[in-house]
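Q: Structure: data-v7.cif, mmCIF, C-alpha atoms.
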```
data_upload
loop_
_atom_site.label_atom_id
_atom_site.label_comp_id
_atom_site.auth_asym_id
_atom_site.auth_seq_id
_atom_site.Cartn_x
_atom_site.Cartn_y
_atom_site.Cartn_z
CA MET B 265 -14.81 8.29 24.29
CA THR B 266 -15.44 7.94 20.58
CA ASP B 267 -19.05 7.41 19.53
CA ARG B 268 -19.66 3.85 18.43
CA ILE B 269 -22.99 2.54 17.20
CA LEU B 270 -23.69 -1.16 17.23
CA ILE B 271 -26.09 -2.38 14.56
CA ILE B 272 -27.68 -5.69 15.51
CA ASP B 273 -28.60 -7.40 12.26
CA PHE B 274 -31.70 -9.56 12.11
CA GLY B 275 -31.22 -10.32 8.40
CA SER B 276 -32.36 -7.07 6.80
CA GLN B 277 -31.60 -6.47 3.14
CA VAL B 278 -30.64 -2.88 3.98
CA THR B 279 -28.35 -3.29 7.00
CA GLN B 280 -25.30 -2.30 4.95
CA LEU B 281 -27.12 0.81 3.74
CA ILE B 282 -27.96 1.76 7.32
CA ALA B 283 -24.30 1.37 8.27
CA ARG B 284 -23.18 3.42 5.29
CA ARG B 285 -25.49 6.30 6.24
CA VAL B 286 -24.25 6.24 9.84
CA ARG B 287 -20.63 6.27 8.63
CA GLU B 288 -21.35 9.09 6.16
CA ILE B 289 -22.23 11.37 9.07
CA GLY B 290 -18.89 10.56 10.66
CA VAL B 291 -19.98 8.04 13.30
CA TYR B 292 -18.17 4.73 13.68
CA CYS B 293 -20.45 1.69 13.59
CA GLU B 294 -20.18 -2.06 13.56
CA ILE B 295 -22.66 -4.66 12.37
CA VAL B 296 -23.10 -7.89 14.32
CA PRO B 297 -25.56 -10.70 13.67
CA PHE B 298 -28.21 -11.06 16.38
CA HIS B 299 -26.73 -14.34 17.60
CA ALA B 300 -23.37 -12.64 18.32
CA ALA B 301 -24.81 -9.44 19.82
CA ALA B 302 -24.56 -10.45 23.49
CA LYS B 303 -20.83 -11.13 23.10
CA ALA B 304 -20.31 -7.81 21.27
CA LEU B 305 -22.17 -5.92 24.01
CA ALA B 306 -20.09 -7.61 26.72
CA ALA B 307 -16.85 -6.67 24.95
CA GLU B 308 -17.52 -2.95 24.56
CA ARG B 309 -20.40 -0.64 25.42
CA PRO B 310 -21.73 1.21 22.35
CA SER B 311 -22.96 4.81 22.41
CA ALA B 312 -26.20 3.71 20.75
CA ILE B 313 -27.78 0.60 19.23
CA ILE B 314 -29.74 0.07 16.03
CA LEU B 315 -31.93 -3.03 15.73
CA SER B 316 -32.31 -3.82 12.03
CA GLY B 317 -35.24 -5.22 10.16
CA GLY B 318 -35.38 -8.82 9.07
CA PRO B 319 -37.48 -11.47 7.38
CA ALA B 320 -38.67 -13.32 10.51
CA SER B 321 -41.97 -12.78 12.30
CA VAL B 322 -41.68 -11.72 15.93
CA THR B 323 -44.77 -13.86 16.56
CA GLY B 324 -42.85 -17.06 15.77
CA ALA B 325 -41.74 -19.18 18.73
CA GLU B 326 -38.14 -19.41 17.49
CA SER B 327 -37.84 -15.86 16.15
CA PRO B 328 -34.60 -13.96 16.84
CA ARG B 329 -34.49 -11.68 19.89
CA ALA B 330 -32.23 -8.88 21.06
CA PRO B 331 -30.07 -9.53 24.11
CA ASP B 332 -31.74 -8.16 27.24
CA ALA B 333 -28.64 -5.98 27.78
CA VAL B 334 -29.76 -3.83 24.83
CA PHE B 335 -32.54 -2.47 27.01
CA THR B 336 -30.57 -2.07 30.24
CA LEU B 337 -27.39 -0.32 29.06
CA GLY B 338 -28.94 3.14 29.21
CA VAL B 339 -28.02 4.02 25.60
CA PRO B 340 -30.39 5.14 22.83
CA VAL B 341 -31.95 2.31 20.83
CA LEU B 342 -33.48 2.65 17.36
CA GLY B 343 -35.59 -0.26 16.13
CA ILE B 344 -36.28 -0.39 12.41
CA CYS B 345 -39.14 -2.61 11.17
CA TYR B 346 -38.46 -6.02 12.80
CA GLY B 347 -36.25 -4.10 15.25
CA GLU B 348 -39.24 -2.04 16.42
CA GLN B 349 -41.38 -5.14 16.63
CA VAL B 350 -38.83 -7.15 18.63
CA MET B 351 -38.32 -4.20 21.00
CA CYS B 352 -42.06 -3.98 21.60
CA ALA B 353 -42.44 -7.73 22.07
CA GLN B 354 -39.56 -7.90 24.55
CA LEU B 355 -40.65 -4.84 26.54
CA GLY B 356 -44.29 -5.81 27.11
CA GLY B 357 -46.07 -4.73 23.93
CA GLU B 358 -47.77 -6.95 21.41
CA VAL B 359 -47.12 -7.73 17.75
CA ALA B 360 -49.57 -9.52 15.46
CA ALA B 361 -50.02 -10.30 11.79
CA ALA B 362 -51.34 -7.29 9.89
CA LYS B 363 -54.59 -7.65 7.93
CA GLU B 364 -52.65 -6.55 4.87
CA ARG B 365 -48.94 -6.78 4.16
CA GLU B 366 -47.29 -3.42 3.58
CA PHE B 367 -44.56 -3.49 0.96
CA GLY B 368 -43.28 -0.57 -1.05
CA PRO B 369 -43.92 3.15 -0.94
CA ALA B 370 -46.08 4.42 1.90
CA THR B 371 -46.84 7.72 3.57
CA LEU B 372 -45.83 8.34 7.14
CA GLU B 373 -47.88 10.98 8.98
CA VAL B 374 -45.94 12.62 11.80
CA LYS B 375 -48.34 13.02 14.72
CA GLU B 376 -46.15 14.41 17.53
CA PRO B 377 -42.76 16.02 18.02
CA CYS B 378 -39.98 13.54 18.68
CA PRO B 379 -36.22 13.89 19.18
CA LEU B 380 -35.80 11.33 16.41
CA PHE B 381 -37.42 13.70 13.89
CA GLU B 382 -36.01 16.98 15.24
CA GLY B 383 -34.79 19.21 12.44
CA VAL B 384 -36.01 16.73 9.84
CA TRP B 385 -39.79 16.24 10.04
CA GLU B 386 -42.39 18.46 11.69
CA PRO B 387 -45.62 17.27 13.33
CA GLY B 388 -48.44 17.32 10.80
CA SER B 389 -46.14 16.59 7.88
CA ARG B 390 -46.62 13.61 5.59
CA GLN B 391 -43.43 11.88 4.49
CA PRO B 392 -42.79 9.31 1.75
CA VAL B 393 -41.20 6.16 3.22
CA TRP B 394 -40.59 2.53 2.29
CA MET B 395 -42.43 -0.15 4.26
CA SER B 396 -41.79 -3.88 4.15
CA HIS B 397 -43.63 -5.97 6.71
CA GLY B 398 -46.45 -8.39 7.31
CA ASP B 399 -46.70 -7.89 11.07
CA ARG B 400 -47.40 -4.78 13.05
CA VAL B 401 -47.35 -3.57 16.62
CA VAL B 402 -50.87 -3.74 18.07
CA ARG B 403 -50.13 -2.75 21.68
CA LEU B 404 -47.33 -0.49 22.87
CA PRO B 405 -45.08 -1.39 25.79
CA PRO B 406 -45.36 0.78 28.91
CA GLY B 407 -43.68 4.17 28.49
CA PHE B 408 -44.05 4.40 24.70
CA ARG B 409 -46.14 6.86 22.69
CA VAL B 410 -47.09 7.04 19.01
CA VAL B 411 -45.22 9.68 17.03
CA ALA B 412 -46.13 8.67 13.46
CA VAL B 413 -48.63 6.44 11.65
CA SER B 414 -49.15 4.98 8.19
CA ASP B 415 -52.35 3.68 6.61
CA ASN B 416 -51.52 0.12 7.66
CA ALA B 417 -49.44 0.72 10.80
CA PRO B 418 -51.07 2.68 13.64
CA PHE B 419 -47.75 2.52 15.53
CA ALA B 420 -45.38 3.14 12.61
CA ALA B 421 -43.03 5.27 14.71
CA ILE B 422 -42.98 5.20 18.49
CA ALA B 423 -40.94 6.79 21.25
CA ASP B 424 -40.04 6.21 24.86
CA ASP B 425 -38.26 9.53 25.41
CA GLU B 426 -37.20 8.75 28.98
CA ARG B 427 -35.23 5.66 27.95
CA ARG B 428 -34.43 7.03 24.46
CA PHE B 429 -35.97 4.04 22.68
CA TYR B 430 -37.38 4.76 19.24
#
```
Could you render the structure as structure tokens?
A:
Amino acid sequence: MTDRILIIDFGSQVTQLIARRVREIGVYCEIVPFHAAAKALAAERPSAIILSGGPASVTGAESPRAPDAVFTLGVPVLGICYGEQVMCAQLGGEVAAAKEREFGPATLEVKEPCPLFEGVWEPGSRQPVWMSHGDRVVRLPPGFRVVAVSDNAPFAAIADDERRFY
């Protein structure tokens, strides 16, 4: 089977850049809008899923959600920004408005080892990143742990190693 990553797009400005990076490492990927994701998942099982960022607030009643199948397929899932927040909201965590919006350069402090960072970032290191959000995770879903923080996001990077959700 050829590796195939499905990127579920929630309206991020950088979804195409994410896809380009995935393709540059030689992995086939497709982008589908969130409202077409259930159909795409039913048609073919991906090797992994990326949940993009987006402009909506997970706290809104009509905010976009990932199909439940994303979390039951048994494949790795990477949630980026809104993608992390929607994963947490759907799996039993909590998301709320941050006291301060975080937009622009930030520093991510790696707290614990994580397969996501293996060979890239070591625990204790501080990494320059780009943040763009007004909400933040305030309670983790069962099974998750904190692997990195920023000044405004105490759950900036999280991991459920058993299910391979990051």
Q: What separation in Å, quoted to one decimal, exists between atom CA of B:Met351 and atom CA of B:Thr371?
A: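 About the pair atom CA of B:Met351 and atom CA of B:Thr371: they are 22.8 Å apart.
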Q: Evaluate the PyMOL selection byres ((chain B and resi 390) around 10) against this structure - the residues, as a ChimeraX atom specification, please.
A: /B:370-375,385-389,391-393,412-414
Q: Ranking B:Ala361, B:Leu315, B:Leu380, B:Leu355 by minimum distance to B:Pro406 and counting all atoms listed in the file, which one comes first?
A: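 With all atoms listed in the file as the atom set, the closest residue is B:Leu355.
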Q: Report the residues retrieved by the PyMOL selection byres ((chain B and resi 341) around 6) from the displayed file, expressed as JSON, numbers by chain.
A: {"B": [312, 313, 314, 340, 342, 429]}
Q: Taking (-21.9, -2.2, 16.1) in the coordinates of the supplied file, I want to know which residues reach to within 7 Å of it, counting all atoms listed in the file; could you give the answer as a PyMOL selection string?
A: chain B and resi 268-272+293-296
